[in-house]
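Listing of query.cif, mmCIF, C-alpha atoms
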data_my_file
#
loop_
_atom_site.label_atom_id
_atom_site.label_comp_id
_atom_site.auth_asym_id
_atom_site.auth_seq_id
_atom_site.Cartn_x
_atom_site.Cartn_y
_atom_site.Cartn_z
CA MET E 27 -27.47 66.46 15.05
CA ILE E 28 -26.38 68.12 11.81
CA THR E 29 -22.68 67.76 11.01
CA SER E 30 -22.55 68.47 7.26
CA VAL E 31 -24.06 70.79 4.65
CA LEU E 32 -23.83 69.97 0.96
CA PHE E 33 -24.70 72.27 -1.94
CA ASP E 34 -25.64 72.19 -5.57
CA MET E 35 -23.47 74.45 -7.73
CA GLY E 36 -25.23 76.01 -10.74
CA GLY E 37 -28.42 77.79 -9.67
CA THR E 38 -27.59 77.48 -5.98
CA LEU E 39 -24.16 78.83 -5.04
CA GLU E 40 -24.09 80.67 -8.35
CA ASP E 41 -26.76 82.37 -10.42
CA ILE E 42 -26.97 80.75 -13.83
CA PHE E 43 -29.04 81.36 -16.96
CA VAL E 44 -28.93 81.10 -20.75
CA ASP E 45 -29.94 83.73 -23.27
CA ALA E 46 -29.52 84.36 -27.00
CA GLN E 47 -26.23 86.19 -26.41
CA SER E 48 -24.63 83.34 -24.46
CA GLU E 49 -25.96 80.74 -26.91
CA ARG E 50 -24.39 82.57 -29.85
CA ALA E 51 -21.12 83.11 -28.00
CA ALA E 52 -20.85 79.39 -27.19
CA VAL E 53 -21.55 78.25 -30.75
CA GLU E 54 -19.14 80.78 -32.23
CA LYS E 55 -16.38 79.78 -29.80
CA LEU E 56 -17.08 76.15 -30.59
CA ARG E 57 -16.61 76.83 -34.30
CA ASP E 58 -13.33 78.68 -33.65
CA MET E 59 -12.03 75.85 -31.47
CA LEU E 60 -12.95 73.17 -33.99
CA VAL E 61 -11.28 75.08 -36.81
CA SER E 62 -8.14 75.47 -34.70
CA TYR E 63 -8.07 71.67 -34.27
CA GLY E 64 -8.35 71.16 -38.02
CA LEU E 65 -12.02 70.16 -37.70
CA ASP E 66 -13.86 72.79 -39.73
CA PRO E 67 -17.62 72.04 -39.51
CA ALA E 68 -18.01 73.76 -42.92
CA VAL E 69 -21.58 74.94 -42.24
CA GLU E 70 -23.14 78.33 -41.49
CA TYR E 71 -23.86 79.44 -37.93
CA GLU E 72 -27.56 78.52 -37.93
CA GLU E 73 -26.91 74.99 -39.15
CA LEU E 74 -24.08 74.48 -36.69
CA LYS E 75 -26.30 75.69 -33.87
CA GLY E 76 -29.16 73.48 -35.03
CA ARG E 77 -26.98 70.36 -35.14
CA VAL E 78 -25.41 71.09 -31.76
CA ASP E 79 -28.82 71.75 -30.19
CA ALA E 80 -30.15 68.50 -31.64
CA GLY E 81 -27.12 66.66 -30.27
CA TRP E 82 -27.75 68.03 -26.79
CA VAL E 83 -31.39 66.98 -27.02
CA ARG E 84 -30.31 63.43 -27.92
CA TYR E 85 -27.87 63.35 -25.03
CA GLY E 86 -30.45 64.83 -22.66
CA LYS E 87 -32.93 62.08 -23.50
CA TYR E 88 -30.28 59.45 -22.81
CA ARG E 89 -28.99 60.82 -19.52
CA ASP E 90 -32.41 61.72 -18.14
CA SER E 91 -33.70 58.24 -18.87
CA CYS E 92 -31.10 56.57 -16.66
CA ASP E 93 -29.48 59.30 -14.49
CA VAL E 94 -26.11 58.48 -16.05
CA GLU E 95 -23.49 61.11 -16.94
CA LEU E 96 -20.98 60.29 -19.63
CA LYS E 97 -17.46 61.71 -19.85
CA PRO E 98 -16.80 64.64 -22.21
CA ILE E 99 -15.37 62.42 -24.97
CA PRO E 100 -18.51 60.32 -25.58
CA ILE E 101 -20.79 63.33 -24.99
CA TRP E 102 -19.20 65.39 -27.74
CA ARG E 103 -18.10 62.55 -30.03
CA ASP E 104 -21.25 60.41 -29.91
CA TYR E 105 -23.96 62.99 -29.28
CA VAL E 106 -23.31 66.72 -29.64
CA LEU E 107 -20.98 66.58 -32.67
CA ALA E 108 -21.96 63.13 -33.95
CA ASP E 109 -23.54 64.52 -37.15
CA PHE E 110 -20.17 65.82 -38.33
CA HIS E 111 -18.37 62.46 -38.20
CA PHE E 112 -15.10 64.08 -37.17
CA PRO E 113 -12.12 61.69 -36.89
CA ALA E 114 -12.13 60.42 -33.32
CA GLU E 115 -8.34 60.58 -33.01
CA THR E 116 -8.45 64.31 -33.79
CA LEU E 117 -11.53 65.29 -31.78
CA GLU E 118 -11.11 63.24 -28.59
CA PRO E 119 -8.00 64.99 -27.17
CA HIS E 120 -9.93 68.28 -27.16
CA CYS E 121 -13.28 67.20 -25.74
CA GLU E 122 -12.63 68.32 -22.15
CA GLU E 123 -11.45 71.73 -23.38
CA ILE E 124 -14.64 72.02 -25.44
CA ALA E 125 -16.76 70.86 -22.50
CA HIS E 126 -15.18 73.42 -20.19
CA MET E 127 -15.72 76.22 -22.71
CA TRP E 128 -19.35 75.25 -23.17
CA GLU E 129 -20.10 75.26 -19.44
CA VAL E 130 -18.65 78.74 -18.88
CA THR E 131 -19.86 80.33 -22.14
CA HIS E 132 -23.27 78.84 -22.88
CA PHE E 133 -24.33 79.79 -19.34
CA HIS E 134 -24.06 83.19 -17.69
CA ARG E 135 -22.62 82.44 -14.25
CA ALA E 136 -22.07 84.63 -11.18
CA LEU E 137 -21.55 83.82 -7.50
CA ARG E 138 -24.64 84.71 -5.49
CA PRO E 139 -24.22 87.64 -3.10
CA ARG E 140 -23.04 86.78 0.44
CA VAL E 141 -22.08 83.19 -0.38
CA LYS E 142 -18.68 83.67 1.25
CA GLU E 143 -20.19 85.08 4.41
CA MET E 144 -22.64 82.17 4.59
CA LEU E 145 -19.89 79.59 4.09
CA GLU E 146 -17.67 81.31 6.66
CA GLY E 147 -20.53 81.15 9.16
CA LEU E 148 -21.10 77.44 8.53
CA LYS E 149 -17.39 76.80 8.86
CA GLY E 150 -17.45 78.64 12.17
CA LEU E 151 -20.09 76.18 13.39
CA GLY E 152 -17.59 73.36 12.82
CA LEU E 153 -19.59 71.81 9.97
CA LYS E 154 -18.23 69.81 7.05
CA LEU E 155 -19.10 71.30 3.67
CA GLY E 156 -19.44 69.64 0.28
CA ILE E 157 -20.79 70.03 -3.25
CA VAL E 158 -22.79 67.57 -5.34
CA SER E 159 -23.19 68.90 -8.87
CA ASN E 160 -24.38 67.70 -12.27
CA THR E 161 -21.91 68.83 -14.93
CA ALA E 162 -20.75 67.68 -18.36
CA ALA E 163 -17.14 68.79 -17.81
CA LEU E 164 -14.49 67.21 -15.59
CA TYR E 165 -12.66 70.25 -14.21
CA GLN E 166 -14.91 73.27 -14.77
CA VAL E 167 -16.55 73.27 -11.34
CA PHE E 168 -13.18 73.12 -9.58
CA ALA E 169 -11.86 75.99 -11.70
CA VAL E 170 -14.90 78.18 -11.09
CA LEU E 171 -14.86 77.54 -7.34
CA LYS E 172 -11.24 78.70 -7.32
CA GLU E 173 -12.10 81.78 -9.38
CA TYR E 174 -14.85 82.65 -6.89
CA GLY E 175 -12.39 82.24 -4.03
CA ILE E 176 -14.46 79.60 -2.22
CA ARG E 177 -12.77 76.31 -3.14
CA ASP E 178 -11.09 75.91 0.24
CA TYR E 179 -14.40 75.90 2.13
CA PHE E 180 -15.31 72.48 0.75
CA GLN E 181 -13.91 69.20 2.04
CA ASP E 182 -15.45 67.39 -0.94
CA VAL E 183 -16.66 68.18 -4.46
CA THR E 184 -18.58 65.30 -6.08
CA LEU E 185 -19.40 65.69 -9.79
CA SER E 186 -21.64 63.67 -12.09
CA SER E 187 -18.97 63.77 -14.79
CA VAL E 188 -16.53 62.03 -12.45
CA THR E 189 -18.87 59.53 -10.77
CA GLY E 190 -20.90 58.73 -13.89
CA MET E 191 -24.14 59.23 -11.91
CA ARG E 192 -26.44 62.26 -12.09
CA LYS E 193 -28.80 63.73 -9.55
CA PRO E 194 -31.43 62.68 -8.59
CA ALA E 195 -29.72 59.26 -8.43
CA PRO E 196 -29.15 58.73 -4.70
CA ASP E 197 -25.79 57.05 -5.30
CA ILE E 198 -24.10 60.32 -6.28
CA PHE E 199 -25.12 61.72 -2.90
CA ARG E 200 -23.85 58.56 -1.20
CA VAL E 201 -20.46 58.97 -2.86
CA ALA E 202 -20.23 62.45 -1.36
CA LEU E 203 -21.27 61.10 2.05
CA CYS E 204 -18.53 58.48 1.90
CA GLN E 205 -15.94 61.09 1.02
CA LEU E 206 -17.08 63.42 3.80
CA GLN E 207 -17.42 60.47 6.20
CA SER E 208 -20.90 61.70 7.13
CA ARG E 209 -24.18 59.88 7.71
CA PRO E 210 -27.19 61.07 5.69
CA GLU E 211 -29.29 61.71 8.78
CA GLU E 212 -26.65 64.27 9.83
CA CYS E 213 -26.78 66.19 6.54
CA VAL E 214 -28.55 69.14 4.97
CA TYR E 215 -28.64 69.54 1.19
CA VAL E 216 -29.23 72.89 -0.52
CA GLY E 217 -30.32 73.09 -4.16
CA ASP E 218 -32.51 74.96 -6.63
CA THR E 219 -34.58 72.11 -8.11
CA VAL E 220 -37.06 69.64 -6.72
CA SER E 221 -36.44 67.28 -9.66
CA ARG E 222 -32.74 66.80 -8.97
CA ASP E 223 -31.79 68.28 -5.61
CA ILE E 224 -34.73 67.78 -3.28
CA ILE E 225 -35.81 64.38 -4.60
CA GLY E 226 -32.24 63.08 -4.86
CA SER E 227 -31.11 64.13 -1.40
CA LYS E 228 -34.29 62.88 0.27
CA ARG E 229 -34.00 59.53 -1.52
CA ALA E 230 -30.48 59.34 -0.10
CA GLY E 231 -31.85 59.87 3.40
CA PHE E 232 -30.69 63.43 4.11
CA ALA E 233 -32.17 64.98 7.23
CA LYS E 234 -33.23 68.22 5.55
CA ALA E 235 -33.52 69.48 1.98
CA VAL E 236 -33.45 73.25 1.44
CA GLN E 237 -34.56 74.88 -1.82
CA ILE E 238 -33.53 78.27 -3.20
CA CYS E 239 -35.13 78.99 -6.56
CA SER E 240 -33.07 80.06 -9.58
CA LYS E 241 -33.77 81.25 -13.11
CA LEU E 242 -33.70 77.58 -14.20
CA THR E 243 -35.95 76.12 -11.48
CA ARG E 244 -39.26 76.32 -13.32
CA GLU E 245 -37.78 74.81 -16.51
CA LYS E 246 -36.03 71.94 -14.72
CA ASP E 247 -39.03 71.12 -12.51
CA CYS E 248 -41.68 71.34 -15.24
CA GLY E 249 -43.86 68.23 -15.26
CA VAL E 250 -41.87 66.48 -12.53
CA LYS E 251 -43.70 64.11 -10.21
CA ARG E 252 -43.02 65.70 -6.84
CA GLU E 253 -42.03 62.65 -4.84
CA PHE E 254 -40.67 64.92 -2.10
CA GLU E 255 -41.08 68.59 -1.22
CA PRO E 256 -38.38 70.83 0.28
CA ASP E 257 -38.30 70.90 4.04
CA ILE E 258 -37.31 74.56 3.98
CA MET E 259 -37.42 77.35 1.37
CA VAL E 260 -35.04 80.33 1.38
CA GLU E 261 -34.89 83.36 -0.90
CA ASP E 262 -31.36 84.51 -0.03
CA ILE E 263 -28.46 82.04 0.06
CA TYR E 264 -27.20 83.71 3.24
CA ASP E 265 -30.37 82.49 4.99
CA VAL E 266 -28.98 78.95 4.87
CA LEU E 267 -26.75 79.97 7.78
CA PRO E 268 -29.50 80.79 10.32
CA VAL E 269 -31.54 77.80 9.10
CA VAL E 270 -28.66 75.40 9.75
CA ARG E 271 -27.69 77.15 12.96
CA GLY E 272 -31.16 76.31 14.25
CA LEU E 273 -30.59 72.63 13.47
CA VAL E 274 -27.17 72.02 15.01
#
If you took the structure in this file and wrote it as structure tokens, what would it be?
Amino acid sequence: MITSVLFDMGGTLEDIFVDAQSERAAVEKLRDMLVSYGLDPAVEYEELKGRVDAGWVRYGKYRDSCDVELKPIPIWRDYVLADFHFPAETLEPHCEEIAHMWEVTHFHRALRPRVKEMLEGLKGLGLKLGIVSNTAALYQVFAVLKEYGIRDYFQDVTLSSVTGMRKPAPDIFRVALCQLQSRPEECVYVGDTVSRDIIGSKRAGFAKAVQICSKLTREKDCGVKREFEPDIMVEDIYDVLPVVRGLV
């Protein structure tokens, strides 16, 4: 019997993608924020972007090698902005603000159509709802859920930045299960990637893993050893409702 449905955030409940416009906007806002903190990077746009991109690559290699998520302070101090050697006592108090800005500016984000109707239908079935999301900011997901008007549908929101574990590590899913007081064999997980969502939830013992592809799916799943395949594929997020209805 299915009692709980958990979702990924970016790429699943919301459409998400990056383009040249959003990349430039994020780097320019980063420069403005740093200057306002008295931390002028003193380089032109292209060099700032190049150093920031290189910092993210370094951090990506670290986190993907061990499925660990660091807090915003070490991410920005030790990886993304490490080349600038900013004074830690000046930079650190602003790292969460920077992290939040980056998440909502570097990525175009929009709630998928009919998400609210789908969640309302699941709620009407008496199911517990949760989110398990990889993110490099502490509060951004909570803020965006509130902006979308869907925060109250979820009994739990489990984030990699809070737990220190990233999908596909099964322990981040187990944290969410503990907080929902649900057993994995009673749960469905919905995500946009095999590499993080399908593999992670199946390793954690979830009954069903549902995939809905996003603009980032192909990039994130490129070259991944497909240890598990999705049990179900949907093209419209609303279709999660009839799928789950057929399982309860």
Report task. List the neighbours of region 207-213 of chain E out to 6 Å using all atoms listed in the file; skip same-chain residues closer than 5 positions along the sequence, and give me the result as a list in words. Result -> Met27, Ile28, Thr29, Ser30, Val31, Gly231, Phe232 and Ala233 of chain E
Requested in this report: Please identify all polymer residues lying at most 12 Å from the point (-12.4, 78.3, -12.7) (file coordinates), using all atoms listed in the file, and present the result as a PyMOL selection string.
Outcome: chain E and resi 126-127+129-130+135-137+163-177
Query - Result set of the PyMOL selection byres ((chain E and resi 266-270) around 12) on the coordinates above, as an MDAnalysis selection string - result: chainID E and resid 27:33 38:39 140:153 212:217 233:238 257:265 271:274
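As for CA of Tyr105 (chain E) and CA of Trp82 (chain E), they are spaced 6.8 Å apart.
Between CA of Glu49 (chain E) and CA of Glu73 (chain E) lies a distance of 13.6 Å.
If only C-alpha atoms are the atoms counted, then among E:Ile101, E:Ala230, E:Val188, E:Cys239 the closest residue to Tyr88 (chain E) is E:Ile101.
Excluding Val158 (chain E) and any residue on its chain fewer than 5 positions from it, the residues at most 8 Å away by only C-alpha atoms are Leu32, Phe33, Asp34, Met35, Val183, Thr184, Leu185, Ser186, Ile198, Phe199 and Ala202 of chain E.
Our summary of the geometry notes that CA of Ile99 (chain E) is positioned 14.9 Å from CA of Leu56 (chain E).
Shortest separation to Thr243 (chain E) among E:Asp93, E:Asp58, E:Asp218, E:Glu118 occurs at residue E:Asp218, atoms counted being only C-alpha atoms.
Among the candidate residues E:Ala162, E:Cys248, E:Ile225, E:Ala68, the one lying nearest to Pro100 (chain E) is E:Ala162, with distances computed using all atoms listed in the file.
Residue nearest Val94 (chain E), chosen from E:Thr131, E:Ser187, E:Val44, E:Arg77 and counting all atoms listed in the file: E:Ser187.
Of the residues under consideration (E:Ile42, E:Leu242, E:Leu203, E:Ala108), E:Ile42 shows the shortest atom-to-atom contact distance to Arg138 (chain E) when counting only C-alpha atoms.
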Would you please take region 82-132 of chain E of the structure in the block above and write C-alpha atoms to a file as a PDB file, in the first residue's frame?
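The new file selection_10.pdb reads:
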ATOM      1  CA  TRP E  82      31.996  25.297  -9.447  1.00  0.00           C
ATOM      2  CA  VAL E  83      33.792  22.628 -11.460  1.00  0.00           C
ATOM      3  CA  ARG E  84      36.147  21.997  -8.531  1.00  0.00           C
ATOM      4  CA  TYR E  85      33.235  21.765  -6.129  1.00  0.00           C
ATOM      5  CA  GLY E  86      31.291  19.531  -8.510  1.00  0.00           C
ATOM      6  CA  LYS E  87      34.171  17.064  -8.692  1.00  0.00           C
ATOM      7  CA  TYR E  88      34.337  16.947  -4.903  1.00  0.00           C
ATOM      8  CA  ARG E  89      30.634  16.517  -4.202  1.00  0.00           C
ATOM      9  CA  ASP E  90      30.028  14.047  -7.024  1.00  0.00           C
ATOM     10  CA  SER E  91      32.891  11.876  -5.827  1.00  0.00           C
ATOM     11  CA  CYS E  92      31.340  11.331  -2.402  1.00  0.00           C
ATOM     12  CA  ASP E  93      27.672  12.466  -2.587  1.00  0.00           C
ATOM     13  CA  VAL E  94      28.384  15.056   0.111  1.00  0.00           C
ATOM     14  CA  GLU E  95      26.888  18.570   0.127  1.00  0.00           C
ATOM     15  CA  LEU E  96      28.739  21.287   1.967  1.00  0.00           C
ATOM     16  CA  LYS E  97      27.129  24.335   3.561  1.00  0.00           C
ATOM     17  CA  PRO E  98      27.165  27.657   1.662  1.00  0.00           C
ATOM     18  CA  ILE E  99      30.142  29.019   3.613  1.00  0.00           C
ATOM     19  CA  PRO E 100      32.675  26.348   2.581  1.00  0.00           C
ATOM     20  CA  ILE E 101      31.201  26.135  -0.940  1.00  0.00           C
ATOM     21  CA  TRP E 102      31.763  29.808  -1.664  1.00  0.00           C
ATOM     22  CA  ARG E 103      34.816  30.375   0.547  1.00  0.00           C
ATOM     23  CA  ASP E 104      36.800  27.241  -0.326  1.00  0.00           C
ATOM     24  CA  TYR E 105      35.655  26.513  -3.876  1.00  0.00           C
ATOM     25  CA  VAL E 106      33.692  29.063  -5.909  1.00  0.00           C
ATOM     26  CA  LEU E 107      35.483  32.218  -4.712  1.00  0.00           C
ATOM     27  CA  ALA E 108      38.666  30.587  -3.424  1.00  0.00           C
ATOM     28  CA  ASP E 109      40.856  32.203  -6.112  1.00  0.00           C
ATOM     29  CA  PHE E 110      40.097  35.668  -4.737  1.00  0.00           C
ATOM     30  CA  HIS E 111      41.342  34.972  -1.199  1.00  0.00           C
ATOM     31  CA  PHE E 112      38.714  37.235   0.334  1.00  0.00           C
ATOM     32  CA  PRO E 113      38.969  37.687   4.123  1.00  0.00           C
ATOM     33  CA  ALA E 114      36.874  34.922   5.648  1.00  0.00           C
ATOM     34  CA  GLU E 115      35.463  37.173   8.371  1.00  0.00           C
ATOM     35  CA  THR E 116      34.052  39.495   5.695  1.00  0.00           C
ATOM     36  CA  LEU E 117      32.809  36.898   3.204  1.00  0.00           C
ATOM     37  CA  GLU E 118      31.319  34.231   5.477  1.00  0.00           C
ATOM     38  CA  PRO E 119      28.354  36.224   6.885  1.00  0.00           C
ATOM     39  CA  HIS E 120      27.075  36.719   3.321  1.00  0.00           C
ATOM     40  CA  CYS E 121      27.513  33.238   1.862  1.00  0.00           C
ATOM     41  CA  GLU E 122      23.900  32.113   2.309  1.00  0.00           C
ATOM     42  CA  GLU E 123      22.647  35.327   0.698  1.00  0.00           C
ATOM     43  CA  ILE E 124      25.004  34.707  -2.228  1.00  0.00           C
ATOM     44  CA  ALA E 125      23.945  31.052  -2.438  1.00  0.00           C
ATOM     45  CA  HIS E 126      20.268  31.997  -2.508  1.00  0.00           C
ATOM     46  CA  MET E 127      20.849  34.594  -5.227  1.00  0.00           C
ATOM     47  CA  TRP E 128      22.778  32.106  -7.336  1.00  0.00           C
ATOM     48  CA  GLU E 129      20.068  29.452  -7.160  1.00  0.00           C
ATOM     49  CA  VAL E 130      17.290  31.817  -8.262  1.00  0.00           C
ATOM     50  CA  THR E 131      19.310  33.811 -10.826  1.00  0.00           C
ATOM     51  CA  HIS E 132      21.684  31.353 -12.480  1.00  0.00           C
TER      52      HIS E 132
END
